[in-house]
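Since the structure comes first, as structure tokens, the remarks are kept for the end.
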Amino acid sequence: MRALLIALLVLVGTTPAATADPDRHPDRGPVLRAMTFNIHTGIGADGALDLDRVAATIRAARPDVVGLQEVDVHWAARSGFADQARELARRTGLRVCFAPIYDLPGDPRRQYGVAVLSRVPVLYAVNHEITRLSTQDPTLPPAPMPGFAEVGVLSPLGLVRVYSTHLDYRPDPAVRAAQARDTQAILAGERGPKVLLGDLNAEASAPELAPLWTVLTAAPTGATYPAQAPVSAIDHVGVSRELRVRSAAVVPSLASDHRPVLVEVARG
């Protein structure tokens with residue numbers, strides 16, 4: 001799969017992002033706090049647009065890195081044509097790398113995709129292509145499209161490759177299966193510790209996700225969707241063999257139609 005360097009939208013919020021403190025848990029050694037959060041373009045479980053609620057949920061969790069899905073950048077009226085990536089960076093004081101899936105003409109350009117927020121220094125950012133079935137043109141067959149973010153961060157655990165992804169939502173698992181194979185191939189081609197953060201739109205045990213678990217271990221989490229009364233565990237964190245999950249929890253929040261997942265990761 002072809003990869004594009006993200007037009008480095010590595011932004012800093014209103015306060016500089018601090019270097020992670022490796023002594024946060026001195027009795028247990030350094031950890032990386034990682035969150036995955038499908039923000040539903042800032043629209044909460046009550047149907048109201050409120051990006052402040054999303055930012056407050058993130059700040060309260062104190063993550064080092066956050067994988068975001070369903071992020072609008074000047075995309076549509078539903079989000080006030082706001083640059084949600086930049087706004088969340090500003091409101092949380094974190095760096096952000098945005099990886100568009102769709103990038104349409106406009107002034108400014110209309111974009112929609114995934115992002116990574118980071119409290120720790122960002123060394124590089126890449127926007128990988130994986131198989132997608134377009135939501136903008138139903139006549140198109142599945143084809144490689146961007147929107148699989150990889151961000152290298154200098155964390156308390158050293159260099160960690162952090163990925164944010166959003167897999168296909170349709171009941172037919174065929175596209176998700178192709179996406180899982182594409183993702184596995186990308187991850188298998190990279191060395192070192194890796195953390196995958198994403199809305200995979202399937203339970204971890206779904207057959208179409210099996211390729212992922214050949215290179216990652218899924219964190220044990222609970223149901224995340226719908227946020228009001230979750231019944232489906234579709235938001236996941238996976239870690240490579242160099243790492244292990246010390247703790248994992250679903251964060252109670254109604255800031256989106258999904259609840260976020262927060263994990264603490266240590267060296268294996």
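Identifiers in the structure tokens: chain A, B, ... in order shown; residue index from 1 per chain; ligand index from 1 in order shown.
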*Do you know which residues are at most 12 Å from range 40-49 of chain A counting only C-alpha atoms, after dropping those on the same chain fewer than 4 positions away, and could you put them as JSON, numbers by chain?*
{"A": [53, 54, 55, 56, 57, 68, 69, 70, 71, 72, 73, 74, 75, 76, 77, 78, 79, 80, 81, 82, 83, 84, 85, 87, 88, 111, 112, 113, 114, 115, 166, 199, 225, 226, 227, 228, 229, 230, 252, 253, 254, 255, 256, 257, 258, 259, 260]}
Can you write out the residues you just picked, keeping N, CA and C atoms, as a short mmCIF file (atom, residue, chain, number, x, y, z; two decimals), in the first residue's frame?
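Output saved as again26.cif:
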```
data_model
loop_
_atom_site.label_atom_id
_atom_site.label_comp_id
_atom_site.auth_asym_id
_atom_site.auth_seq_id
_atom_site.Cartn_x
_atom_site.Cartn_y
_atom_site.Cartn_z
N ARG A 53 -17.13 19.32 25.02
CA ARG A 53 -17.32 18.08 25.78
C ARG A 53 -16.28 17.03 25.39
N VAL A 54 -15.98 16.97 24.10
CA VAL A 54 -14.95 16.04 23.63
C VAL A 54 -13.61 16.40 24.26
N ALA A 55 -13.25 17.68 24.19
CA ALA A 55 -11.97 18.12 24.75
C ALA A 55 -11.91 17.87 26.25
N ALA A 56 -13.01 18.11 26.96
CA ALA A 56 -13.03 17.90 28.41
C ALA A 56 -12.84 16.42 28.75
N THR A 57 -13.44 15.53 27.96
CA THR A 57 -13.27 14.09 28.18
C THR A 57 -11.81 13.69 28.01
N LEU A 68 -8.06 9.58 17.19
CA LEU A 68 -9.40 10.12 16.94
C LEU A 68 -9.93 9.60 15.61
N GLN A 69 -11.23 9.34 15.57
CA GLN A 69 -11.90 8.99 14.32
C GLN A 69 -13.08 9.93 14.13
N GLU A 70 -13.53 10.04 12.87
CA GLU A 70 -14.65 10.91 12.47
C GLU A 70 -14.37 12.37 12.83
N VAL A 71 -13.30 12.88 12.24
CA VAL A 71 -12.86 14.26 12.48
C VAL A 71 -13.13 15.08 11.23
N ASP A 72 -13.88 16.17 11.38
CA ASP A 72 -14.16 17.10 10.28
C ASP A 72 -13.15 18.24 10.28
N VAL A 73 -12.67 18.59 9.10
CA VAL A 73 -11.85 19.79 8.92
C VAL A 73 -12.46 20.59 7.78
N HIS A 74 -13.22 21.63 8.14
CA HIS A 74 -13.94 22.46 7.16
C HIS A 74 -14.85 21.60 6.28
N TRP A 75 -15.40 20.52 6.85
CA TRP A 75 -16.07 19.52 6.02
C TRP A 75 -17.52 19.85 5.71
N ALA A 76 -18.30 20.22 6.74
CA ALA A 76 -19.75 20.31 6.53
C ALA A 76 -20.40 21.19 7.58
N ALA A 77 -21.67 21.53 7.31
CA ALA A 77 -22.44 22.34 8.24
C ALA A 77 -22.66 21.64 9.57
N ARG A 78 -22.66 20.29 9.56
CA ARG A 78 -22.92 19.55 10.80
C ARG A 78 -21.93 19.91 11.90
N SER A 79 -20.71 20.31 11.51
CA SER A 79 -19.68 20.70 12.48
C SER A 79 -19.31 22.17 12.34
N GLY A 80 -20.19 22.95 11.72
CA GLY A 80 -19.94 24.37 11.57
C GLY A 80 -18.75 24.69 10.69
N PHE A 81 -18.38 23.75 9.81
CA PHE A 81 -17.22 23.91 8.91
C PHE A 81 -15.94 24.22 9.70
N ALA A 82 -15.89 23.78 10.95
CA ALA A 82 -14.72 24.04 11.80
C ALA A 82 -13.57 23.11 11.45
N ASP A 83 -12.38 23.53 11.80
CA ASP A 83 -11.20 22.67 11.73
C ASP A 83 -11.11 21.97 13.08
N GLN A 84 -11.75 20.80 13.17
CA GLN A 84 -11.83 20.13 14.47
C GLN A 84 -10.49 19.62 14.94
N ALA A 85 -9.61 19.26 14.03
CA ALA A 85 -8.28 18.82 14.44
C ALA A 85 -7.54 19.95 15.15
N GLU A 87 -8.88 22.65 16.44
CA GLU A 87 -9.61 23.08 17.64
C GLU A 87 -9.36 22.15 18.82
N LEU A 88 -9.32 20.86 18.57
CA LEU A 88 -9.05 19.94 19.68
C LEU A 88 -7.62 20.07 20.18
N GLN A 111 -12.15 18.48 4.33
CA GLN A 111 -11.48 17.22 4.65
C GLN A 111 -12.20 16.51 5.80
N TYR A 112 -12.08 15.18 5.76
CA TYR A 112 -12.68 14.32 6.80
C TYR A 112 -11.74 13.13 6.99
N GLY A 113 -11.50 12.76 8.25
CA GLY A 113 -10.60 11.63 8.45
C GLY A 113 -10.36 11.31 9.90
N VAL A 114 -9.12 10.87 10.17
CA VAL A 114 -8.70 10.47 11.51
C VAL A 114 -7.56 11.38 11.95
N ALA A 115 -7.21 11.28 13.23
CA ALA A 115 -6.13 12.12 13.75
C ALA A 115 -5.48 11.44 14.94
N HIS A 166 -10.05 3.79 11.19
CA HIS A 166 -11.51 3.67 11.22
C HIS A 166 -11.90 2.70 10.11
N ASP A 199 -11.63 2.63 15.80
CA ASP A 199 -12.99 2.12 15.70
C ASP A 199 -12.95 1.08 14.59
N TYR A 225 -20.41 1.12 22.33
CA TYR A 225 -21.40 1.70 21.43
C TYR A 225 -22.74 1.01 21.61
N PRO A 226 -23.85 1.79 21.58
CA PRO A 226 -23.93 3.26 21.60
C PRO A 226 -23.63 3.82 22.98
N ALA A 227 -23.20 5.05 23.04
CA ALA A 227 -22.68 5.60 24.28
C ALA A 227 -23.69 5.59 25.42
N GLN A 228 -24.98 5.81 25.09
CA GLN A 228 -25.99 5.90 26.16
C GLN A 228 -26.11 4.58 26.92
N ALA A 229 -26.08 3.46 26.20
CA ALA A 229 -26.21 2.13 26.81
C ALA A 229 -25.43 1.15 25.95
N PRO A 230 -24.12 1.10 26.12
CA PRO A 230 -23.28 0.33 25.18
C PRO A 230 -23.57 -1.17 25.22
N PRO A 252 -16.55 6.43 30.80
CA PRO A 252 -17.94 6.86 30.73
C PRO A 252 -18.04 8.29 30.20
N SER A 253 -18.63 8.44 29.04
CA SER A 253 -18.74 9.76 28.40
C SER A 253 -19.88 9.73 27.42
N LEU A 254 -20.61 10.84 27.34
CA LEU A 254 -21.69 11.01 26.36
C LEU A 254 -21.34 12.11 25.37
N ALA A 255 -20.03 12.43 25.26
CA ALA A 255 -19.60 13.49 24.36
C ALA A 255 -19.70 13.09 22.90
N SER A 256 -19.87 11.78 22.63
CA SER A 256 -19.97 11.24 21.28
C SER A 256 -21.00 10.11 21.32
N ASP A 257 -21.24 9.48 20.17
CA ASP A 257 -22.09 8.29 20.19
C ASP A 257 -21.28 7.03 20.52
N HIS A 258 -19.95 7.16 20.64
CA HIS A 258 -19.07 6.10 21.11
C HIS A 258 -18.46 6.53 22.44
N ARG A 259 -18.19 5.56 23.30
CA ARG A 259 -17.38 5.84 24.49
C ARG A 259 -15.91 5.57 24.16
N PRO A 260 -15.00 6.39 24.68
CA PRO A 260 -13.58 6.13 24.44
C PRO A 260 -13.06 4.98 25.28
#
```
_Separation of CA of Leu159 in chain A from CA of Glu242 in chain A, in Å and rounded to one decimal_ =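 CA of Glu242 in chain A lies at a distance of 11.6 Å from CA of Leu159 in chain A.
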*Among range 155-198 of chain A, which residues carry a DSSP assignment of helix (DSSP H, G or I), reported as a PyMOL selection string?*
chain A and resi 174-188
With C-alpha atoms retained, write the just-selected residues as a tab-separated table (two decimals), in the first residue's frame.
```
chain	number	residue	atom	x	y	z
A	174	ALA	CA	-15.67	-8.06	3.10
A	175	VAL	CA	-14.21	-4.54	3.11
A	176	ARG	CA	-13.25	-4.76	6.80
A	177	ALA	CA	-11.48	-8.04	6.03
A	178	ALA	CA	-9.48	-6.37	3.26
A	179	GLN	CA	-8.68	-3.45	5.57
A	180	ALA	CA	-7.47	-5.81	8.29
A	181	ARG	CA	-5.17	-7.55	5.80
A	182	ASP	CA	-3.83	-4.20	4.57
A	183	THR	CA	-3.25	-3.04	8.14
A	184	GLN	CA	-1.48	-6.27	9.07
A	185	ALA	CA	0.86	-5.87	6.09
A	186	ILE	CA	1.73	-2.29	7.07
A	187	LEU	CA	2.35	-3.19	10.71
A	188	ALA	CA	4.39	-6.28	9.84
```
*Neighbour list for Phe148 in chain A as a ChimeraX atom specification, cut-off 8 Å, only C-alpha atoms, skip fewer than 3 positions in-chain*: /A:99,101,114,127-130,163-166
*Identify all residues of range 39-99 of chain A in strand (DSSP E or B) (DSSP on the backbone) and supply them as a VMD selection string.*
chain A and resid 43 49 65 to 73 83 95 to 99
Same residues, C-alpha atoms, output as a PDB file, in the first residue's frame:
```
ATOM      1  CA  ILE A  43     -21.915  15.411  18.070  1.00  0.00           C
ATOM      2  CA  LEU A  49     -22.641  19.536  18.581  1.00  0.00           C
ATOM      3  CA  VAL A  65      -1.660   9.885  22.855  1.00  0.00           C
ATOM      4  CA  VAL A  66      -5.193   9.794  21.458  1.00  0.00           C
ATOM      5  CA  GLY A  67      -6.385   8.187  18.245  1.00  0.00           C
ATOM      6  CA  LEU A  68      -9.399  10.117  16.942  1.00  0.00           C
ATOM      7  CA  GLN A  69     -11.900   8.991  14.322  1.00  0.00           C
ATOM      8  CA  GLU A  70     -14.647  10.909  12.474  1.00  0.00           C
ATOM      9  CA  VAL A  71     -12.858  14.259  12.484  1.00  0.00           C
ATOM     10  CA  ASP A  72     -14.161  17.097  10.283  1.00  0.00           C
ATOM     11  CA  VAL A  73     -11.845  19.792   8.924  1.00  0.00           C
ATOM     12  CA  ASP A  83     -11.199  22.670  11.730  1.00  0.00           C
ATOM     13  CA  ARG A  95      -0.086  18.339  19.314  1.00  0.00           C
ATOM     14  CA  VAL A  96      -2.184  16.959  16.474  1.00  0.00           C
ATOM     15  CA  CYS A  97      -1.520  15.091  13.244  1.00  0.00           C
ATOM     16  CA  PHE A  98      -4.525  14.892  10.920  1.00  0.00           C
ATOM     17  CA  ALA A  99      -4.826  12.229   8.201  1.00  0.00           C
TER      18      ALA A  99
END
```
